[in-house]
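Q: Provided below: entry25.txt, containing compact mmCIF, C-alpha atoms.
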```
# COMPACT_ATOMS: atom_id res chain seq x y z
CA MET A 1 13.78 2.13 18.61
CA THR A 2 16.21 -0.67 17.91
CA THR A 3 18.94 0.06 15.39
CA ALA A 4 19.72 -3.57 14.53
CA THR A 5 19.38 -4.54 10.92
CA SER A 6 18.32 -7.78 9.25
CA ARG A 7 19.32 -9.24 5.89
CA ARG A 8 16.80 -9.54 3.04
CA GLY A 9 18.41 -11.37 0.15
CA THR A 10 21.77 -9.63 -0.28
CA ARG A 11 21.04 -6.35 1.44
CA LEU A 12 20.65 -5.11 4.98
CA VAL A 13 17.19 -3.88 5.89
CA MET A 14 16.22 -1.53 8.67
CA PRO A 15 13.85 -3.12 11.22
CA ARG A 16 10.16 -2.40 10.99
CA PRO A 17 9.16 0.41 13.36
CA SER A 18 7.23 -0.73 16.41
CA LEU A 19 3.76 0.53 17.21
CA SER A 20 5.19 3.00 19.72
CA ASP A 21 7.63 4.24 17.06
CA TRP A 22 4.75 4.93 14.64
CA GLU A 23 2.64 6.59 17.33
CA ALA A 24 5.49 8.95 18.19
CA TRP A 25 6.22 9.64 14.52
CA TYR A 26 2.63 10.60 13.71
CA ALA A 27 2.25 12.56 16.96
CA GLY A 28 5.35 14.50 15.97
CA GLY A 29 3.92 15.46 12.59
CA GLY A 30 5.01 12.54 10.43
CA GLN A 31 2.87 12.37 7.29
CA ASN A 32 2.39 10.28 4.19
CA ARG A 33 3.36 11.96 0.94
CA ILE A 34 0.82 14.38 -0.52
CA VAL A 35 -1.29 12.95 -3.33
CA GLY A 36 -0.49 14.98 -6.44
CA ASP A 37 -2.63 15.41 -9.54
CA ARG A 38 -0.20 13.40 -11.69
CA GLU A 39 -0.27 10.44 -9.32
CA ALA A 40 -4.07 10.49 -9.14
CA GLU A 41 -4.35 10.81 -12.93
CA ARG A 42 -2.07 7.86 -13.66
CA PHE A 43 -3.91 5.70 -11.14
CA TYR A 44 -7.27 6.71 -12.63
CA ASN A 45 -6.16 5.82 -16.14
CA ALA A 46 -4.78 2.43 -15.05
CA VAL A 47 -7.56 1.37 -12.68
CA HIS A 48 -10.66 3.35 -13.74
CA PRO A 49 -12.09 3.81 -10.24
CA GLY A 50 -15.67 4.94 -9.83
CA PRO A 51 -18.94 4.87 -7.89
CA GLY A 52 -20.20 1.48 -6.81
CA MET A 53 -16.75 0.06 -6.08
CA ALA A 54 -15.88 -1.30 -2.63
CA ALA A 55 -12.26 -0.81 -1.57
CA ALA A 56 -9.78 -1.20 1.25
CA ASP A 57 -6.77 1.09 1.57
CA ILE A 58 -4.18 -0.85 3.58
CA GLY A 59 -1.56 1.04 5.55
CA CYS A 60 -3.55 4.23 5.06
CA GLY A 61 -1.66 6.41 7.54
CA THR A 62 -3.42 9.75 7.87
CA GLY A 63 -5.83 8.84 5.08
CA ARG A 64 -4.71 11.08 2.24
CA TRP A 65 -5.04 8.33 -0.37
CA THR A 66 -8.18 6.96 1.29
CA ARG A 67 -9.87 10.33 0.89
CA GLN A 68 -8.78 10.49 -2.75
CA LEU A 69 -10.49 7.16 -3.39
CA SER A 70 -13.62 8.46 -1.69
CA ARG A 71 -13.67 11.50 -3.98
CA TRP A 72 -14.13 9.13 -6.91
CA GLY A 73 -17.27 7.78 -5.26
CA ILE A 74 -15.68 4.58 -3.99
CA GLN A 75 -16.91 3.06 -0.73
CA VAL A 76 -13.61 2.70 1.09
CA THR A 77 -12.21 1.79 4.49
CA GLY A 78 -8.68 2.82 5.38
CA TYR A 79 -6.77 0.38 7.62
CA ASP A 80 -3.71 1.14 9.71
CA PHE A 81 -2.29 -0.15 12.97
CA SER A 82 -1.41 3.29 14.35
CA ALA A 83 -4.15 4.84 16.45
CA ALA A 84 -2.43 8.22 16.14
CA ALA A 85 -2.56 8.03 12.34
CA LEU A 86 -6.20 6.98 12.34
CA SER A 87 -7.09 9.76 14.76
CA GLN A 88 -5.56 12.31 12.37
CA ALA A 89 -7.36 10.70 9.43
CA GLU A 90 -10.72 10.88 11.19
CA ALA A 91 -10.05 14.48 12.22
CA MET A 92 -9.95 15.36 8.52
CA GLY A 93 -13.58 14.27 8.33
CA THR A 94 -15.49 11.17 7.34
CA SER A 95 -18.43 10.90 5.02
CA ARG A 96 -20.86 8.33 3.71
CA GLY A 97 -18.82 5.48 2.32
CA LEU A 98 -15.57 6.60 3.97
CA SER A 99 -14.37 5.00 7.20
CA TYR A 100 -11.24 3.93 9.06
CA ALA A 101 -10.35 0.91 11.16
CA ARG A 102 -7.33 -0.43 13.01
CA TRP A 103 -5.55 -3.56 11.71
CA ASP A 104 -2.02 -4.84 12.23
CA VAL A 105 -1.57 -6.68 8.93
CA ASN A 106 1.50 -8.64 10.05
CA VAL A 107 0.10 -9.94 13.35
CA GLU A 108 -3.70 -9.86 13.49
CA PRO A 109 -6.25 -11.97 11.57
CA ILE A 110 -8.01 -10.42 8.59
CA PRO A 111 -10.92 -8.31 9.89
CA LEU A 112 -14.33 -9.98 9.67
CA ALA A 113 -15.56 -7.06 7.58
CA LEU A 114 -13.19 -8.15 4.82
CA ARG A 115 -14.81 -11.23 3.37
CA PRO A 116 -13.37 -13.30 0.51
CA GLY A 117 -14.50 -11.94 -2.84
CA SER A 118 -15.99 -8.80 -1.31
CA LEU A 119 -13.71 -6.06 -2.65
CA ASP A 120 -13.35 -4.49 -6.07
CA LEU A 121 -10.12 -2.71 -5.18
CA ILE A 122 -7.30 -2.97 -2.66
CA THR A 123 -4.67 -0.25 -2.53
CA CYS A 124 -1.38 -0.16 -0.69
CA ARG A 125 0.32 3.20 -1.13
CA LEU A 126 3.89 3.45 0.20
CA SER A 127 3.27 0.75 2.83
CA LEU A 128 3.93 -2.59 1.14
CA GLY A 129 7.56 -2.70 2.28
CA TYR A 130 6.43 -3.00 5.90
CA PHE A 131 4.40 -6.16 5.28
CA ASP A 132 5.13 -9.82 4.72
CA VAL A 133 4.75 -9.05 1.02
CA GLN A 134 3.85 -12.37 -0.59
CA ARG A 135 1.50 -13.46 2.19
CA PHE A 136 -0.23 -10.09 2.16
CA ILE A 137 -0.69 -10.07 -1.62
CA ASN A 138 -2.07 -13.62 -1.54
CA ASP A 139 -4.55 -12.57 1.15
CA ALA A 140 -5.46 -9.51 -0.92
CA GLY A 141 -6.10 -11.69 -3.96
CA ARG A 142 -8.58 -13.80 -2.04
CA LEU A 143 -10.44 -10.73 -0.80
CA LEU A 144 -10.96 -9.37 -4.32
CA THR A 145 -13.79 -10.17 -6.68
CA PRO A 146 -12.78 -12.15 -9.80
CA ARG A 147 -12.40 -8.84 -11.65
CA GLY A 148 -10.95 -6.98 -8.70
CA THR A 149 -7.76 -4.91 -8.79
CA PHE A 150 -4.76 -4.69 -6.48
CA TYR A 151 -2.69 -1.49 -6.63
CA ALA A 152 0.55 -0.67 -4.85
CA LEU A 153 2.86 2.33 -5.03
CA VAL A 154 6.26 1.07 -3.89
CA PRO A 155 9.40 3.13 -3.20
CA LEU A 156 12.43 1.73 -5.00
CA HIS A 157 15.46 0.85 -2.91
CA HIS A 158 18.83 1.67 -4.47
CA ALA A 159 21.94 -0.04 -3.18
CA ASP A 160 24.01 3.14 -3.56
CA ARG A 161 21.64 5.51 -1.77
CA ARG A 162 19.14 5.20 1.04
CA PRO A 163 16.28 7.72 0.63
CA PHE A 164 13.68 4.96 1.05
CA ASP A 165 15.46 2.61 3.40
CA ASP A 166 15.21 4.42 6.69
CA CYS A 167 12.73 2.82 9.06
CA PHE A 168 9.85 5.16 8.12
CA HIS A 169 10.41 5.07 4.34
CA ARG A 170 10.93 1.45 3.44
CA GLY A 171 11.57 0.49 -0.17
CA LEU A 172 11.89 -2.71 -2.18
CA THR A 173 14.56 -3.60 -4.71
CA GLU A 174 13.89 -4.02 -8.42
CA ASP A 175 14.14 -7.80 -7.99
CA GLU A 176 11.64 -7.78 -5.13
CA ILE A 177 9.24 -5.62 -7.10
CA THR A 178 9.54 -7.92 -10.11
CA GLN A 179 8.32 -10.85 -7.98
CA ILE A 180 5.10 -9.01 -7.09
CA GLY A 181 2.37 -10.39 -9.30
CA VAL A 182 3.37 -14.04 -9.59
CA GLY A 183 0.11 -15.98 -9.79
CA TRP A 184 -1.93 -13.12 -11.27
CA SER A 185 -3.10 -13.06 -14.89
CA HIS A 186 -2.55 -9.32 -15.44
CA ARG A 187 0.36 -7.19 -14.26
CA GLN A 188 1.05 -3.58 -15.16
CA GLU A 189 3.97 -1.59 -13.81
CA TYR A 190 4.99 1.99 -14.40
CA PRO A 191 7.62 4.26 -12.83
CA PHE A 192 6.64 7.27 -10.80
CA ARG A 193 8.95 10.21 -10.14
CA GLY A 194 11.93 8.02 -10.90
CA HIS A 195 12.15 6.47 -7.44
CA SER A 196 8.86 4.59 -7.06
CA ARG A 197 7.00 1.90 -8.97
CA ALA A 198 3.24 1.62 -9.36
CA ILE A 199 1.96 -1.95 -9.73
CA VAL A 200 -1.52 -2.95 -10.89
CA LEU A 201 -2.60 -6.59 -10.58
CA ARG A 202 -5.74 -8.40 -11.68
CA GLY A 203 -6.85 -12.01 -11.98
CA TYR A 204 -5.52 -13.60 -8.81
CA GLY A 205 -4.98 -17.33 -9.09
CA CYS A 206 -4.89 -17.31 -12.89
CA ARG A 207 -1.87 -18.13 -15.02
CA ARG A 208 -0.51 -15.10 -16.84
CA VAL A 209 -0.83 -15.37 -20.61
```
Show this structure as structure tokens.

A:
Amino acid sequence: MTTATSRRGTRLVMPRPSLSDWEAWYAGGGQNRIVGDREAERFYNAVHPGPGMAAADIGCGTGRWTRQLSRWGIQVTGYDFSAAALSQAEAMGTSRGLSYARWDVNVEPIPLALRPGSLDLITCRLSLGYFDVQRFINDAGRLLTPRGTFYALVPLHHADRRPFDDCFHRGLTEDEITQIGVGWSHRQEYPFRGHSRAIVLRGYGCRRV
């Protein structure tokens, strides 16, 4: 893996891992963070997920959050570009309304299965920092129904410490997080465990009142 860094705004940023990097990381036991009861509860209270909703979980990794969405009765597909991650997710079992598919968000076109206005919910848990953020959120807005919800859990990057700025735990700064939601009519943000921010967006393309 390359060790070169690039500059985002006024800070140096570790390069995005390559596909081979991710495959090796997952094959070696790399995992997304466990979904705790507190995290699930706060999401539930902010988003009110339930049966009948159609969702996409982008950057799903081994599918821990995807499976949580399915437990609420949501019809959900988890997308990731690592075949090793998706293999581990599928090994945990699939069920009616729960599926996985490969998609490289930064390079490949939006999958045909994701039609404009077709989704009630898009989630992006701990993966937003790896994407072209504004382009991805604009695409997500177009995929949602008029009342659809976008949710992201984003690690916070601190200039004086680097727990979320190694290549496999990429964070965003406070300023970058603040910019998420421009062009949406509703934005809710709340801290989580002191070093992450949860962001809930609704009303893409509407001016915030």

Q: Hey, what's within 12 Å of Phe136 of chain A if we count only C-alpha atoms and toss same-chain stuff fewer than 2 positions away? As a ChimeraX atom specification, please?

A: /A:58-59,104-110,122-124,127-134,138-143,150,152,180-181

Q: Could you save those same residues with C-alpha atoms as a tab-separated table (two decimals), keeping the file's coordinate frame?

A:
```
chain	number	residue	atom	x	y	z
A	58	ILE	CA	-4.18	-0.85	3.58
A	59	GLY	CA	-1.56	1.04	5.55
A	104	ASP	CA	-2.02	-4.84	12.23
A	105	VAL	CA	-1.57	-6.68	8.93
A	106	ASN	CA	1.50	-8.64	10.05
A	107	VAL	CA	0.10	-9.94	13.35
A	108	GLU	CA	-3.70	-9.86	13.49
A	109	PRO	CA	-6.25	-11.97	11.57
A	110	ILE	CA	-8.01	-10.42	8.59
A	122	ILE	CA	-7.30	-2.97	-2.66
A	123	THR	CA	-4.67	-0.25	-2.53
A	124	CYS	CA	-1.38	-0.16	-0.69
A	127	SER	CA	3.27	0.75	2.83
A	128	LEU	CA	3.93	-2.59	1.14
A	129	GLY	CA	7.56	-2.70	2.28
A	130	TYR	CA	6.43	-3.00	5.90
A	131	PHE	CA	4.40	-6.16	5.28
A	132	ASP	CA	5.13	-9.82	4.72
A	133	VAL	CA	4.75	-9.05	1.02
A	134	GLN	CA	3.85	-12.37	-0.59
A	138	ASN	CA	-2.07	-13.62	-1.54
A	139	ASP	CA	-4.55	-12.57	1.15
A	140	ALA	CA	-5.46	-9.51	-0.92
A	141	GLY	CA	-6.10	-11.69	-3.96
A	142	ARG	CA	-8.58	-13.80	-2.04
A	143	LEU	CA	-10.44	-10.73	-0.80
A	150	PHE	CA	-4.76	-4.69	-6.48
A	152	ALA	CA	0.55	-0.67	-4.85
A	180	ILE	CA	5.10	-9.01	-7.09
A	181	GLY	CA	2.37	-10.39	-9.30
```

Q: Residues of segment 80-136 of chain A that have any atom at most 10 Å from an atom of segment 66-71 of chain A: could you tabulate them with the shortest-distance atom pair and the distance in Å to one decimal, using only C-alpha atoms, ordered by chain and increasing number, as a tab-separated table?

A:
```
residue	atom	partner	partner_atom	distance
A:Ala89	CA	A:Arg67	CA	8.9
A:Met92	CA	A:Arg67	CA	9.1
A:Gly93	CA	A:Arg67	CA	9.2
A:Thr94	CA	A:Arg67	CA	8.6
A:Ser95	CA	A:Ser70	CA	8.6
A:Arg96	CA	A:Ser70	CA	9.0
A:Gly97	CA	A:Ser70	CA	7.2
A:Leu98	CA	A:Ser70	CA	6.3
A:Ser99	CA	A:Thr66	CA	8.8
A:Tyr100	CA	A:Thr66	CA	8.9
A:Thr123	CA	A:Thr66	CA	8.9
A:Arg125	CA	A:Thr66	CA	9.6
```

Q: Point out the residue among A:Ile177, A:Ala54, A:Cys206, A:Val47 with the least atom-to-atom distance to Tyr151 of chain A, counting all atoms listed in the file.

A: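 Closest residue, counting all atoms listed in the file: A:Val47.
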
Q: How far is it from atom CA of Thr173 of chain A to atom CA of His186 of chain A, in Å with one decimal?

A: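 If I compute the distance from atom CA of Thr173 of chain A to atom CA of His186 of chain A, I get 21.0 Å.
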
Q: Once you count all atoms listed in the file, which residues end up no further than 8 Å from (-14.4, -3.5, 1.6) in the file's frame, shown as a list of chain:residue names?

A: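 Those residues, ordered by chain and then number, are A:Ala54, A:Ala55, A:Ala56, A:Gln75, A:Val76, A:Thr77, A:Ala113, A:Leu114, A:Arg115, A:Ser118, A:Leu119, A:Asp120.
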
Q: Store the residues picked out above, limited to C-alpha atoms, as a short mmCIF file (atom, residue, chain, number, x, y, z; two decimals), in the frame of the given file.

A:
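Here's the written file out-v3.cif:
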```cif
data_model
loop_
_atom_site.label_atom_id
_atom_site.label_comp_id
_atom_site.auth_asym_id
_atom_site.auth_seq_id
_atom_site.Cartn_x
_atom_site.Cartn_y
_atom_site.Cartn_z
CA ALA A 54 -15.88 -1.30 -2.63
CA ALA A 55 -12.26 -0.81 -1.57
CA ALA A 56 -9.78 -1.20 1.25
CA GLN A 75 -16.91 3.06 -0.73
CA VAL A 76 -13.61 2.70 1.09
CA THR A 77 -12.21 1.79 4.49
CA ALA A 113 -15.56 -7.06 7.58
CA LEU A 114 -13.19 -8.15 4.82
CA ARG A 115 -14.81 -11.23 3.37
CA SER A 118 -15.99 -8.80 -1.31
CA LEU A 119 -13.71 -6.06 -2.65
CA ASP A 120 -13.35 -4.49 -6.07
#
```

Q: Any idea what the distance is between atom CA of Glu176 of chain A and atom CA of Val200 of chain A?

A: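 For atom CA of Glu176 of chain A relative to atom CA of Val200 of chain A, the distance reads 15.2 Å.
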